[in-house]
>>> print(open('structure18.pdb').read())   # PDB, C-alpha atoms (C1' of nucleotides)
ATOM      1  CA  MET A 130     292.832  82.228 126.630
ATOM      2  CA  THR A 131     293.435  78.493 126.320
ATOM      3  CA  ARG A 132     295.317  76.387 123.811
ATOM      4  CA  GLN A 133     292.016  75.226 122.342
ATOM      5  CA  ARG A 134     290.622  78.686 121.758
ATOM      6  CA  ARG A 135     293.835  79.762 120.176
ATOM      7  CA  ALA A 136     293.566  76.833 117.774
ATOM      8  CA  VAL A 137     290.016  77.775 116.798
ATOM      9  CA  LEU A 138     290.924  81.439 116.319
ATOM     10  CA  GLU A 139     293.890  80.439 114.212
ATOM     11  CA  ALA A 140     291.693  78.208 112.061
ATOM     12  CA  ILE A 141     289.290  81.068 111.470
ATOM     13  CA  ARG A 142     292.062  83.511 110.694
ATOM     14  CA  ARG A 143     293.838  81.219 108.237
ATOM     15  CA  GLY A 144     290.777  79.779 106.517
ATOM     16  CA  PRO A 145     288.261  81.216 104.078
ATOM     17  CA  ARG A 146     286.078  84.046 105.266
ATOM     18  CA  SER A 147     283.004  81.884 105.653
ATOM     19  CA  PHE A 148     282.834  78.529 107.377
ATOM     20  CA  THR A 149     280.620  76.111 109.250
ATOM     21  CA  ALA A 150     281.147  74.812 112.756
ATOM     22  CA  THR A 151     282.156  71.394 111.474
ATOM     23  CA  GLU A 152     284.662  72.766 108.983
ATOM     24  CA  LEU A 153     286.227  74.730 111.783
ATOM     25  CA  TYR A 154     286.355  71.651 113.970
ATOM     26  CA  ASP A 155     288.153  69.659 111.277
ATOM     27  CA  ARG A 156     290.595  72.426 110.540
ATOM     28  CA  ALA A 157     291.424  73.305 114.140
ATOM     29  CA  ARG A 158     291.896  69.641 115.001
ATOM     30  CA  ARG A 159     294.877  69.448 112.709
ATOM     31  CA  ARG A 160     296.812  71.612 115.152
ATOM     32  CA  GLU A 161     295.020  70.492 118.282
ATOM     33  CA  PRO A 162     293.962  66.869 117.776
ATOM     34  CA  THR A 163     292.213  66.453 121.119
ATOM     35  CA  LEU A 164     289.947  69.445 120.540
ATOM     36  CA  GLY A 165     286.313  68.662 121.231
ATOM     37  CA  LEU A 166     283.385  69.694 119.074
ATOM     38  CA  ALA A 167     281.614  71.288 122.025
ATOM     39  CA  THR A 168     284.555  73.605 122.530
ATOM     40  CA  VAL A 169     284.295  74.758 118.935
ATOM     41  CA  TYR A 170     280.637  75.623 119.433
ATOM     42  CA  ARG A 171     281.443  77.392 122.683
ATOM     43  CA  THR A 172     284.152  79.449 121.019
ATOM     44  CA  ILE A 173     281.884  80.304 118.107
ATOM     45  CA  GLU A 174     279.313  81.579 120.576
ATOM     46  CA  LEU A 175     281.908  83.761 122.296
ATOM     47  CA  LEU A 176     283.039  85.237 119.005
ATOM     48  CA  ARG A 177     279.489  85.856 117.873
ATOM     49  CA  ARG A 178     278.799  87.799 121.044
ATOM     50  CA  SER A 179     281.842  89.938 120.470
ATOM     51  CA  ASP A 180     280.906  90.572 116.818
ATOM     52  CA  ALA A 181     284.056  88.951 115.539
ATOM     53  CA  ILE A 182     281.966  86.614 113.448
ATOM     54  CA  ARG A 183     278.400  86.807 112.185
ATOM     55  CA  PRO A 184     275.915  84.169 111.112
ATOM     56  CA  LEU A 185     275.565  84.289 107.353
ATOM     57  CA  ALA A 186     272.029  85.042 106.204
ATOM     58  CA  GLY A 187     270.614  83.389 103.146
ATOM     59  CA  SER A 188     272.687  80.265 103.409
ATOM     60  CA  ALA A 189     270.852  77.011 103.997
ATOM     61  CA  ARG A 190     273.309  75.500 106.403
ATOM     62  CA  ALA A 191     274.456  77.260 109.529
ATOM     63  CA  GLU A 192     277.377  79.244 108.263
ATOM     64  CA  TYR A 193     279.423  81.991 109.847
ATOM     65  CA  VAL A 194     281.512  84.808 108.440
ATOM     66  CA  ARG A 195     284.681  86.218 109.892
ATOM     67  CA  CYS A 196     284.078  89.929 110.347
ATOM     68  CA  SER A 197     286.340  92.900 110.771
ATOM     69  CA  ALA A 198     285.375  95.606 113.233
ATOM     70  CA  GLY A 199     283.062  98.416 112.269
ATOM     71  CA  HIS A 200     279.872  98.704 110.308
ATOM     72  CA  HIS A 201     279.950  96.840 107.024
ATOM     73  CA  HIS A 202     277.920  94.620 104.757
ATOM     74  CA  HIS A 203     278.532  91.489 102.769
ATOM     75  CA  LEU A 204     278.863  90.797  99.075
ATOM     76  CA  ILE A 205     278.068  87.158  98.500
ATOM     77  CA  CYS A 206     279.037  85.495  95.237
ATOM     78  CA  LEU A 207     276.283  83.257  93.923
ATOM     79  CA  SER A 208     278.744  81.386  91.784
ATOM     80  CA  CYS A 209     281.574  80.473  94.171
ATOM     81  CA  GLY A 210     280.038  81.311  97.541
ATOM     82  CA  SER A 211     282.824  83.650  98.566
ATOM     83  CA  VAL A 212     281.994  86.523 100.887
ATOM     84  CA  GLU A 213     283.526  89.940 100.684
ATOM     85  CA  GLU A 214     283.066  92.903 102.995
ATOM     86  CA  THR A 215     282.127  96.361 101.889
ATOM     87  CA  ASP A 216     281.763  99.563 103.847
ATOM     88  CA  LEU A 217     279.311 100.834 101.284
ATOM     89  CA  CYS A 218     276.117 101.137 103.214
ATOM     90  CA  ALA A 219     272.586 101.993 102.366
ATOM     91  CA  ALA A 220     269.476 101.860 104.473
ATOM     92  CA  PRO A 221     266.141 103.626 104.448
ATOM     93  CA  PRO A 222     266.415 106.813 106.522
ATOM     94  CA  ALA A 223     265.075 106.506 110.074
ATOM     95  CA  ALA A 224     262.711 109.438 109.584
ATOM     96  CA  GLU A 225     261.048 107.752 106.642
ATOM     97  CA  LEU A 226     260.623 104.449 108.505
ATOM     98  CA  ARG A 227     259.125 106.310 111.420
ATOM     99  CA  ARG A 228     256.734 108.280 109.247
ATOM    100  CA  ARG A 229     255.565 105.446 107.052
ATOM    101  CA  HIS A 230     255.571 102.555 109.499
ATOM    102  CA  GLY A 231     255.901 103.981 112.995
ATOM    103  CA  PHE A 232     259.026 101.842 113.159
ATOM    104  CA  THR A 233     262.145 102.902 115.052
ATOM    105  CA  PRO A 234     265.237 101.330 113.502
ATOM    106  CA  ALA A 235     268.115 100.260 115.681
ATOM    107  CA  SER A 236     270.313  98.332 113.272
ATOM    108  CA  HIS A 237     270.190  96.719 109.892
ATOM    109  CA  GLU A 238     271.721  93.936 107.929
ATOM    110  CA  LEU A 239     272.305  94.093 104.212
ATOM    111  CA  ASP A 240     273.511  91.286 101.999
ATOM    112  CA  VAL A 241     274.144  91.768  98.318
ATOM    113  CA  PHE A 242     274.127  88.695  96.100
ATOM    114  CA  GLY A 243     275.814  88.661  92.740
ATOM    115  CA  THR A 244     279.020  87.734  90.954
ATOM    116  CA  CYS A 245     282.465  88.413  92.359
ATOM    117  CA  ALA A 246     285.363  89.789  90.332
ATOM    118  CA  ASP A 247     287.090  86.408  90.008
ATOM    119  CA  CYS A 248     284.004  84.585  88.786
ATOM    120  CA  ARG A 249     283.210  87.335  86.337
ATOM    121  CA  ALA A 250     286.715  87.093  84.888
ATOM    122  CA  ALA A 251     286.402  83.330  84.469
TER     123      ALA A 251
ATOM    124  CA  MET B 916     247.285  71.122  93.861
ATOM    125  CA  THR B 917     246.379  68.592  96.527
ATOM    126  CA  ARG B 918     244.217  68.785  99.617
ATOM    127  CA  GLN B 919     247.329  68.758 101.782
ATOM    128  CA  ARG B 920     249.021  71.649 100.045
ATOM    129  CA  ARG B 921     245.862  73.661 100.211
ATOM    130  CA  ALA B 922     245.762  73.095 103.964
ATOM    131  CA  VAL B 923     249.349  74.295 104.366
ATOM    132  CA  LEU B 924     248.746  77.366 102.198
ATOM    133  CA  GLU B 925     245.635  78.164 104.177
ATOM    134  CA  ALA B 926     247.532  77.851 107.446
ATOM    135  CA  ILE B 927     250.150  80.273 106.180
ATOM    136  CA  ARG B 928     247.576  82.730 104.905
ATOM    137  CA  ARG B 929     245.525  82.758 108.104
ATOM    138  CA  GLY B 930     248.384  82.728 110.596
ATOM    139  CA  PRO B 931     250.922  85.327 111.664
ATOM    140  CA  ARG B 932     253.383  86.557 109.094
ATOM    141  CA  SER B 933     256.272  84.569 110.492
ATOM    142  CA  PHE B 934     256.186  80.917 111.465
ATOM    143  CA  THR B 935     258.231  77.768 111.893
ATOM    144  CA  ALA B 936     257.736  74.450 110.127
ATOM    145  CA  THR B 937     256.380  72.832 113.264
ATOM    146  CA  GLU B 938     253.906  75.622 113.962
ATOM    147  CA  LEU B 939     252.645  75.253 110.436
ATOM    148  CA  TYR B 940     252.316  71.511 110.857
ATOM    149  CA  ASP B 941     250.253  71.921 114.022
ATOM    150  CA  ARG B 942     248.045  74.567 112.505
ATOM    151  CA  ALA B 943     247.433  72.826 109.175
ATOM    152  CA  ARG B 944     246.671  69.553 110.930
ATOM    153  CA  ARG B 945     243.586  71.068 112.485
ATOM    154  CA  ARG B 946     241.956  71.114 109.051
ATOM    155  CA  GLU B 947     243.760  68.118 107.658
ATOM    156  CA  PRO B 948     244.472  65.727 110.532
ATOM    157  CA  THR B 949     246.304  63.100 108.504
ATOM    158  CA  LEU B 950     248.792  65.617 107.137
ATOM    159  CA  GLY B 951     252.377  64.429 107.491
ATOM    160  CA  LEU B 952     255.280  66.516 108.671
ATOM    161  CA  ALA B 953     257.315  65.641 105.595
ATOM    162  CA  THR B 954     254.631  67.140 103.399
ATOM    163  CA  VAL B 955     254.839  70.394 105.301
ATOM    164  CA  TYR B 956     258.567  70.559 104.695
ATOM    165  CA  ARG B 957     258.062  69.713 101.036
ATOM    166  CA  THR B 958     255.483  72.457 100.647
ATOM    167  CA  ILE B 959     257.703  74.971 102.426
ATOM    168  CA  GLU B 960     260.468  74.154  99.976
ATOM    169  CA  LEU B 961     258.133  74.699  97.020
ATOM    170  CA  LEU B 962     257.011  78.047  98.363
ATOM    171  CA  ARG B 963     260.544  79.129  99.089
ATOM    172  CA  ARG B 964     261.512  78.426  95.500
ATOM    173  CA  SER B 965     258.603  80.483  94.241
ATOM    174  CA  ASP B 966     259.453  83.381  96.580
ATOM    175  CA  ALA B 967     256.119  83.163  98.365
ATOM    176  CA  ILE B 968     257.958  82.775 101.641
ATOM    177  CA  ARG B 969     261.463  83.616 102.725
ATOM    178  CA  PRO B 970     263.689  82.267 105.482
ATOM    179  CA  LEU B 971     263.926  84.895 108.190
ATOM    180  CA  ALA B 972     267.475  86.140 108.664
ATOM    181  CA  GLY B 973     268.739  86.937 112.100
ATOM    182  CA  SER B 974     266.415  84.506 113.783
ATOM    183  CA  ALA B 975     267.655  81.188 115.046
ATOM    184  CA  ARG B 976     267.218  79.880 111.524
ATOM    185  CA  ALA B 977     264.058  77.795 111.647
ATOM    186  CA  GLU B 978     261.655  80.576 110.819
ATOM    187  CA  TYR B 979     259.980  81.680 107.606
ATOM    188  CA  VAL B 980     258.097  84.805 106.592
ATOM    189  CA  ARG B 981     255.089  84.984 104.321
ATOM    190  CA  CYS B 982     255.945  87.402 101.548
ATOM    191  CA  SER B 983     253.843  89.408  99.179
ATOM    192  CA  ALA B 984     254.915  89.721  95.566
ATOM    193  CA  GLY B 985     257.333  92.393  94.492
ATOM    194  CA  HIS B 986     260.520  93.799  95.869
ATOM    195  CA  HIS B 987     260.366  94.624  99.551
ATOM    196  CA  HIS B 988     262.275  94.399 102.788
ATOM    197  CA  HIS B 989     261.506  93.463 106.353
ATOM    198  CA  LEU B 990     261.180  95.467 109.528
ATOM    199  CA  ILE B 991     261.746  93.121 112.435
ATOM    200  CA  CYS B 992     260.734  94.149 115.925
ATOM    201  CA  LEU B 993     263.353  93.217 118.490
ATOM    202  CA  SER B 994     260.816  93.434 121.245
ATOM    203  CA  CYS B 995     257.879  91.324 120.018
ATOM    204  CA  GLY B 996     259.415  89.569 117.009
ATOM    205  CA  SER B 997     256.767  90.791 114.582
ATOM    206  CA  VAL B 998     257.757  91.253 110.958
ATOM    207  CA  GLU B 999     256.442  94.015 108.752
ATOM    208  CA  GLU B1000     257.076  94.599 105.081
ATOM    209  CA  THR B1001     258.238  97.848 103.604
ATOM    210  CA  ASP B1002     258.770  98.878 100.026
ATOM    211  CA  LEU B1003     261.320 101.405 101.152
ATOM    212  CA  CYS B1004     264.502 100.165  99.617
ATOM    213  CA  ALA B1005     268.089 101.176  99.736
ATOM    214  CA  ALA B1006     271.122  99.451  98.344
ATOM    215  CA  PRO B1007     274.577 100.540  97.251
ATOM    216  CA  PRO B1008     274.441 101.520  93.556
ATOM    217  CA  ALA B1009     275.643  98.821  91.155
ATOM    218  CA  ALA B1010     278.184 101.163  89.587
ATOM    219  CA  GLU B1011     279.823 101.788  92.941
ATOM    220  CA  LEU B1012     279.993  98.082  93.795
ATOM    221  CA  ARG B1013     281.529  97.398  90.422
ATOM    222  CA  ARG B1014     284.086 100.154  90.723
ATOM    223  CA  ARG B1015     285.133  99.472  94.299
ATOM    224  CA  HIS B1016     284.890  95.689  94.432
ATOM    225  CA  GLY B1017     284.536  94.395  90.884
ATOM    226  CA  PHE B1018     281.296  92.923  92.136
ATOM    227  CA  THR B1019     278.186  92.636  89.954
ATOM    228  CA  PRO B1020     275.062  92.730  92.106
ATOM    229  CA  ALA B1021     272.053  90.647  91.171
ATOM    230  CA  SER B1022     269.816  90.998  94.189
ATOM    231  CA  HIS B1023     269.968  92.045  97.790
ATOM    232  CA  GLU B1024     268.318  91.402 101.084
ATOM    233  CA  LEU B1025     267.834  94.047 103.712
ATOM    234  CA  ASP B1026     266.489  93.540 107.206
ATOM    235  CA  VAL B1027     265.969  96.407 109.588
ATOM    236  CA  PHE B1028     265.832  95.635 113.294
ATOM    237  CA  GLY B1029     264.203  97.958 115.761
ATOM    238  CA  THR B1030     260.971  98.683 117.588
ATOM    239  CA  CYS B1031     257.549  98.438 115.963
ATOM    240  CA  ALA B1032     254.779 100.992 116.456
ATOM    241  CA  ASP B1033     252.848  98.820 118.922
ATOM    242  CA  CYS B1034     255.816  98.103 121.151
ATOM    243  CA  ARG B1035     256.841 101.739 121.130
ATOM    244  CA  ALA B1036     253.350 102.762 122.240
ATOM    245  CA  ALA B1037     253.427 100.257 125.101
TER     246      ALA B1037
ATOM    247  C1'  DC C 417     233.060  58.024  83.923
ATOM    248  C1'  DC C 418     236.947  54.940  84.180
ATOM    249  C1'  DC C 419     241.824  53.807  83.403
ATOM    250  C1'  DC C 420     246.502  54.605  83.922
ATOM    251  C1'  DG C 421     251.117  56.764  84.329
ATOM    252  C1'  DT C 422     253.009  59.899  87.320
ATOM    253  C1'  DA C 423     253.503  62.875  91.175
ATOM    254  C1'  DT C 424     252.394  63.160  96.003
ATOM    255  C1'  DT C 425     251.666  61.471 100.486
ATOM    256  C1'  DG C 426     252.434  59.640 105.393
ATOM    257  C1'  DA C 427     255.052  56.903 108.551
ATOM    258  C1'  DT C 428     259.363  55.712 109.911
ATOM    259  C1'  DA C 429     264.024  55.711 110.145
ATOM    260  C1'  DA C 430     268.167  58.107 109.455
ATOM    261  C1'  DT C 431     270.984  62.125 109.542
ATOM    262  C1'  DC C 432     272.238  66.364 110.950
ATOM    263  C1'  DA C 433     273.394  70.465 113.907
ATOM    264  C1'  DC C 434     273.549  71.806 118.208
ATOM    265  C1'  DT C 435     273.097  71.689 123.558
ATOM    266  C1'  DA C 436     273.356  69.737 128.231
ATOM    267  C1'  DT C 437     275.964  67.267 131.511
ATOM    268  C1'  DC C 438     279.691  66.290 134.410
ATOM    269  C1'  DA C 439     284.042  64.549 135.942
ATOM    270  C1'  DA C 440     288.709  65.821 135.060
ATOM    271  C1'  DG C 441     292.071  69.216 133.676
ATOM    272  C1'  DT C 442     294.117  73.853 133.224
ATOM    273  C1'  DA C 443     294.775  78.954 133.552
ATOM    274  C1'  DG C 444     296.196  82.482 136.087
ATOM    275  C1'  DC C 445     296.665  84.770 140.397
ATOM    276  C1'  DT C 446     299.278  84.610 144.812
TER     277       DT C 446
ATOM    278  C1'  DA D 285     303.444  75.182 144.492
ATOM    279  C1'  DG D 286     298.573  75.864 145.840
ATOM    280  C1'  DC D 287     294.105  77.353 145.244
ATOM    281  C1'  DT D 288     289.772  78.489 142.789
ATOM    282  C1'  DA D 289     287.077  79.252 139.150
ATOM    283  C1'  DC D 290     286.671  78.548 134.513
ATOM    284  C1'  DT D 291     287.356  75.467 130.592
ATOM    285  C1'  DT D 292     287.500  71.160 128.423
ATOM    286  C1'  DG D 293     286.263  66.547 126.054
ATOM    287  C1'  DA D 294     283.341  62.683 125.711
ATOM    288  C1'  DT D 295     278.921  61.273 125.687
ATOM    289  C1'  DA D 296     274.261  61.390 125.649
ATOM    290  C1'  DG D 297     270.288  63.902 124.494
ATOM    291  C1'  DT D 298     267.281  66.991 121.805
ATOM    292  C1'  DG D 299     265.010  68.858 118.016
ATOM    293  C1'  DA D 300     264.883  69.946 113.210
ATOM    294  C1'  DT D 301     265.249  68.412 108.664
ATOM    295  C1'  DT D 302     265.901  64.749 104.998
ATOM    296  C1'  DA D 303     265.690  60.099 102.864
ATOM    297  C1'  DT D 304     263.046  56.069 101.915
ATOM    298  C1'  DC D 305     259.334  53.560 100.049
ATOM    299  C1'  DA D 306     254.979  51.413  99.675
ATOM    300  C1'  DA D 307     250.352  53.121  99.310
ATOM    301  C1'  DT D 308     247.481  56.645  97.423
ATOM    302  C1'  DA D 309     245.450  60.535  94.876
ATOM    303  C1'  DC D 310     245.642  63.530  90.756
ATOM    304  C1'  DG D 311     244.077  64.629  86.256
ATOM    305  C1'  DG D 312     244.379  63.897  81.176
ATOM    306  C1'  DG D 313     242.899  60.626  77.404
ATOM    307  C1'  DG D 314     239.779  57.374  75.940
TER     308       DG D 314
END
>>> encode(input="structure18.pdb", output="structure tokens")
Amino acid sequence: MTRQRRAVLEAIRRGPRSFTATELYDRARRREPTLGLATVYRTIELLRRSDAIRPLAGSARAEYVRCSAGHHHHLICLSCGSVEETDLCAAPPAAELRRRHGFTPASHELDVFGTCADCRAA
Amino acid sequence: MTRQRRAVLEAIRRGPRSFTATELYDRARRREPTLGLATVYRTIELLRRSDAIRPLAGSARAEYVRCSAGHHHHLICLSCGSVEETDLCAAPPAAELRRRHGFTPASHELDVFGTCADCRAA
DNA sequence: CCCCGTATTGATAATCACTATCAAGTAGCT
DNA sequence: AGCTACTTGATAGTGATTATCAATACGGGG
């Protein structure tokens, strides 16, 4: 655990739930001005492997989402881009996938797009 | 509808369900040798907007999937990378999302990862 | 069938995001 | 403090995508 990694982790923890590598670099550099971009990418890779962050599907640019532990899905606001977690989960039952497609599911990813509470209020 | 676009559409129709921009370029150029790479990207963008293709989540981001009309989801084989469509659909009910998160769903995307019939047989 | 305004094209350069490289620095154990 | 292995930062390199712009093709009206 180095100074640099701490700075990146801190930037993720304090910032918005979703972010790009470059945003992270800019933010973490405020506390750790000598931080290199390569280190940010290396740290992102480490976190991705440990499921602490997840690449955000559907977005055009390479974006990541800070994730809490455990199975969950994402609610993505089409209006403001915010990402919220939900533990509500739905997936086709394994038996049905097997029967209809001969497919054996191992995991799934579900993203729901819509309007968040804040944007609806506004 | 130009010669070039026809060539790209044909390349998508005849090829495997999932493809990258460069693969498409190579394939379409066999019928239309003067085709430019920029045109391929432009055509991809048009098709994406009309929901004829969809960027493939989970992959390293440069891949697209040919999609048939209508609501469906994707079964992605972790072993061979093939993509199959299914009309089996599951998503958290709108009422529950509203109640628990104040979130109004508009659409969703579900990808199931696992092992396809062929790979299981082998 | 030809003309013409408009949309499309291809080549090239420019811009990104990301990865590889490598010498120098640091963490963490002893 | 000393040692070793891992980490870092700067830079260059790679590959994908986008911007630019003059030349070209499309297709409706005459």
>>> closest_atom_pairs(input="structure18.pdb", of="chain A", to="chain B", cutoff="7 Å", atoms="only C-alpha atoms", output="tab-separated table")
residue	atom	partner	partner_atom	distance
A:Ala186	CA	B:Ala972	CA	5.3
A:Gly187	CA	B:Ala972	CA	6.9
A:Leu217	CA	B:Pro1007	CA	6.2
A:Cys218	CA	B:Pro1007	CA	6.2
A:Ala219	CA	B:Ala1006	CA	5.0
A:Ala220	CA	B:Ala1005	CA	5.0
A:Pro221	CA	B:Ala1005	CA	5.7
A:Gly231	CA	B:Ala1032	CA	4.7
A:Phe232	CA	B:Cys1031	CA	4.7
A:Thr233	CA	B:Thr1030	CA	5.1
A:Pro234	CA	B:Gly1029	CA	4.2
A:Ala235	CA	B:Gly1029	CA	4.5
A:Ser236	CA	B:Phe1028	CA	5.2
A:His237	CA	B:Val1027	CA	4.2
A:Glu238	CA	B:Asp1026	CA	5.3
A:Leu239	CA	B:Leu1025	CA	4.5
A:Asp240	CA	B:Glu1024	CA	5.3
A:Val241	CA	B:His1023	CA	4.2
A:Phe242	CA	B:Ser1022	CA	5.2
A:Gly243	CA	B:Pro1020	CA	4.2
A:Thr244	CA	B:Thr1019	CA	5.1
A:Cys245	CA	B:Phe1018	CA	4.7
A:Ala246	CA	B:Gly1017	CA	4.7
>>> resolve_selection(input="structure18.pdb", expression="the PyMOL selection byres ((chain C) within 12 of (chain B))", output="PyMOL selection string")
chain C and resi 423-428+433-434
>>> resolve_selection(input="structure18.pdb", expression="the PyMOL selection byres ((chain B and resi 966-968) around 9)", output="PDB file with C-alpha atoms, in the frame of the given file")
ATOM      1  CA  ILE B 959     257.703  74.971 102.426  1.00  0.00           C
ATOM      2  CA  LEU B 961     258.133  74.699  97.020  1.00  0.00           C
ATOM      3  CA  LEU B 962     257.011  78.047  98.363  1.00  0.00           C
ATOM      4  CA  ARG B 963     260.544  79.129  99.089  1.00  0.00           C
ATOM      5  CA  ARG B 964     261.512  78.426  95.500  1.00  0.00           C
ATOM      6  CA  SER B 965     258.603  80.483  94.241  1.00  0.00           C
ATOM      7  CA  ARG B 969     261.463  83.616 102.725  1.00  0.00           C
ATOM      8  CA  PRO B 970     263.689  82.267 105.482  1.00  0.00           C
ATOM      9  CA  TYR B 979     259.980  81.680 107.606  1.00  0.00           C
ATOM     10  CA  VAL B 980     258.097  84.805 106.592  1.00  0.00           C
ATOM     11  CA  ARG B 981     255.089  84.984 104.321  1.00  0.00           C
ATOM     12  CA  CYS B 982     255.945  87.402 101.548  1.00  0.00           C
ATOM     13  CA  SER B 983     253.843  89.408  99.179  1.00  0.00           C
ATOM     14  CA  ALA B 984     254.915  89.721  95.566  1.00  0.00           C
TER      15      ALA B 984
END
>>> atom_distance(input="structure18.pdb", atom1="atom C1' of DC445 of chain C", atom2="atom CA of Glu174 of chain A")
26.5 Å
>>> residues_near_point(input="structure18.pdb", point="(273.5, 62.5, 122.1)", cutoff="12 Å", atoms="all atoms listed in the file", output="list of chain:residue names")
A:Ala167, C:DC432, C:DA433, C:DC434, C:DT435, C:DA436, C:DT437, D:DA294, D:DT295, D:DA296, D:DG297, D:DT298, D:DG299
>>> resolve_selection(input="structure18.pdb", expression="the PyMOL selection byres ((chain D) within 9 of (chain A))", output="mmCIF file with C-alpha atoms (C1' of nucleotides), in the frame of the given file")
data_model
loop_
_atom_site.group_PDB
_atom_site.id
_atom_site.type_symbol
_atom_site.label_atom_id
_atom_site.label_comp_id
_atom_site.auth_asym_id
_atom_site.auth_seq_id
_atom_site.Cartn_x
_atom_site.Cartn_y
_atom_site.Cartn_z
ATOM 1 C "C1'" DT D 291 287.356 75.467 130.592
ATOM 2 C "C1'" DT D 292 287.500 71.160 128.423
ATOM 3 C "C1'" DG D 293 286.263 66.547 126.054
ATOM 4 C "C1'" DA D 294 283.341 62.683 125.711
#
>>> atom_distance(input="structure18.pdb", atom1="atom CA of Arg158 of chain A", atom2="atom CA of Pro145 of chain A")
16.3 Å
>>> atom_distance(input="structure18.pdb", atom1="atom CA of Ala926 of chain B", atom2="atom CA of Gly996 of chain B")
19.2 Å
>>> residues_near_point(input="structure18.pdb", point="(262.5, 70.3, 105.0)", cutoff="6 Å", atoms="all atoms listed in the file", output="NGL selection string")
(:B and (956-957)) or (:D and (301))
>>> build_atoms(input="structure18.pdb", residues="segment 132-148 of chain A", atoms="N, CA and C atoms", output="PDB file, keeping the file's coordinate frame")
ATOM      1  N   ARG A 132     294.744  76.973 125.006  1.00  0.00           N
ATOM      2  CA  ARG A 132     295.317  76.387 123.811  1.00  0.00           C
ATOM      3  C   ARG A 132     294.240  76.153 122.767  1.00  0.00           C
ATOM      4  N   GLN A 133     293.108  75.601 123.248  1.00  0.00           N
ATOM      5  CA  GLN A 133     292.016  75.226 122.342  1.00  0.00           C
ATOM      6  C   GLN A 133     291.426  76.437 121.632  1.00  0.00           C
ATOM      7  N   ARG A 134     291.193  77.493 122.378  1.00  0.00           N
ATOM      8  CA  ARG A 134     290.622  78.686 121.758  1.00  0.00           C
ATOM      9  C   ARG A 134     291.571  79.288 120.758  1.00  0.00           C
ATOM     10  N   ARG A 135     292.843  79.256 121.115  1.00  0.00           N
ATOM     11  CA  ARG A 135     293.835  79.762 120.176  1.00  0.00           C
ATOM     12  C   ARG A 135     293.759  78.984 118.864  1.00  0.00           C
ATOM     13  N   ALA A 136     293.621  77.676 118.972  1.00  0.00           N
ATOM     14  CA  ALA A 136     293.566  76.833 117.774  1.00  0.00           C
ATOM     15  C   ALA A 136     292.353  77.180 116.913  1.00  0.00           C
ATOM     16  N   VAL A 137     291.221  77.430 117.545  1.00  0.00           N
ATOM     17  CA  VAL A 137     290.016  77.775 116.798  1.00  0.00           C
ATOM     18  C   VAL A 137     290.189  79.148 116.131  1.00  0.00           C
ATOM     19  N   LEU A 138     290.696  80.106 116.879  1.00  0.00           N
ATOM     20  CA  LEU A 138     290.924  81.439 116.319  1.00  0.00           C
ATOM     21  C   LEU A 138     291.854  81.368 115.118  1.00  0.00           C
ATOM     22  N   GLU A 139     292.905  80.582 115.282  1.00  0.00           N
ATOM     23  CA  GLU A 139     293.890  80.439 114.212  1.00  0.00           C
ATOM     24  C   GLU A 139     293.226  79.849 112.962  1.00  0.00           C
ATOM     25  N   ALA A 140     292.382  78.857 113.184  1.00  0.00           N
ATOM     26  CA  ALA A 140     291.693  78.208 112.061  1.00  0.00           C
ATOM     27  C   ALA A 140     290.778  79.192 111.342  1.00  0.00           C
ATOM     28  N   ILE A 141     290.151  80.058 112.092  1.00  0.00           N
ATOM     29  CA  ILE A 141     289.290  81.068 111.470  1.00  0.00           C
ATOM     30  C   ILE A 141     290.140  82.057 110.696  1.00  0.00           C
ATOM     31  N   ARG A 142     291.227  82.483 111.308  1.00  0.00           N
ATOM     32  CA  ARG A 142     292.062  83.511 110.694  1.00  0.00           C
ATOM     33  C   ARG A 142     292.687  83.009 109.386  1.00  0.00           C
ATOM     34  N   ARG A 143     293.124  81.746 109.400  1.00  0.00           N
ATOM     35  CA  ARG A 143     293.838  81.219 108.237  1.00  0.00           C
ATOM     36  C   ARG A 143     292.910  80.741 107.133  1.00  0.00           C
ATOM     37  N   GLY A 144     291.672  80.386 107.498  1.00  0.00           N
ATOM     38  CA  GLY A 144     290.777  79.779 106.517  1.00  0.00           C
ATOM     39  C   GLY A 144     290.014  80.802 105.696  1.00  0.00           C
ATOM     40  N   PRO A 145     289.104  80.333 104.871  1.00  0.00           N
ATOM     41  CA  PRO A 145     288.261  81.216 104.078  1.00  0.00           C
ATOM     42  C   PRO A 145     287.348  82.033 104.987  1.00  0.00           C
ATOM     43  N   ARG A 146     286.832  83.118 104.443  1.00  0.00           N
ATOM     44  CA  ARG A 146     286.078  84.046 105.266  1.00  0.00           C
ATOM     45  C   ARG A 146     284.811  83.419 105.849  1.00  0.00           C
ATOM     46  N   SER A 147     284.217  82.498 105.108  1.00  0.00           N
ATOM     47  CA  SER A 147     283.004  81.884 105.653  1.00  0.00           C
ATOM     48  C   SER A 147     283.235  80.400 105.925  1.00  0.00           C
ATOM     49  N   PHE A 148     282.561  79.890 106.930  1.00  0.00           N
ATOM     50  CA  PHE A 148     282.834  78.529 107.377  1.00  0.00           C
ATOM     51  C   PHE A 148     281.677  78.013 108.210  1.00  0.00           C
TER      52      PHE A 148
END
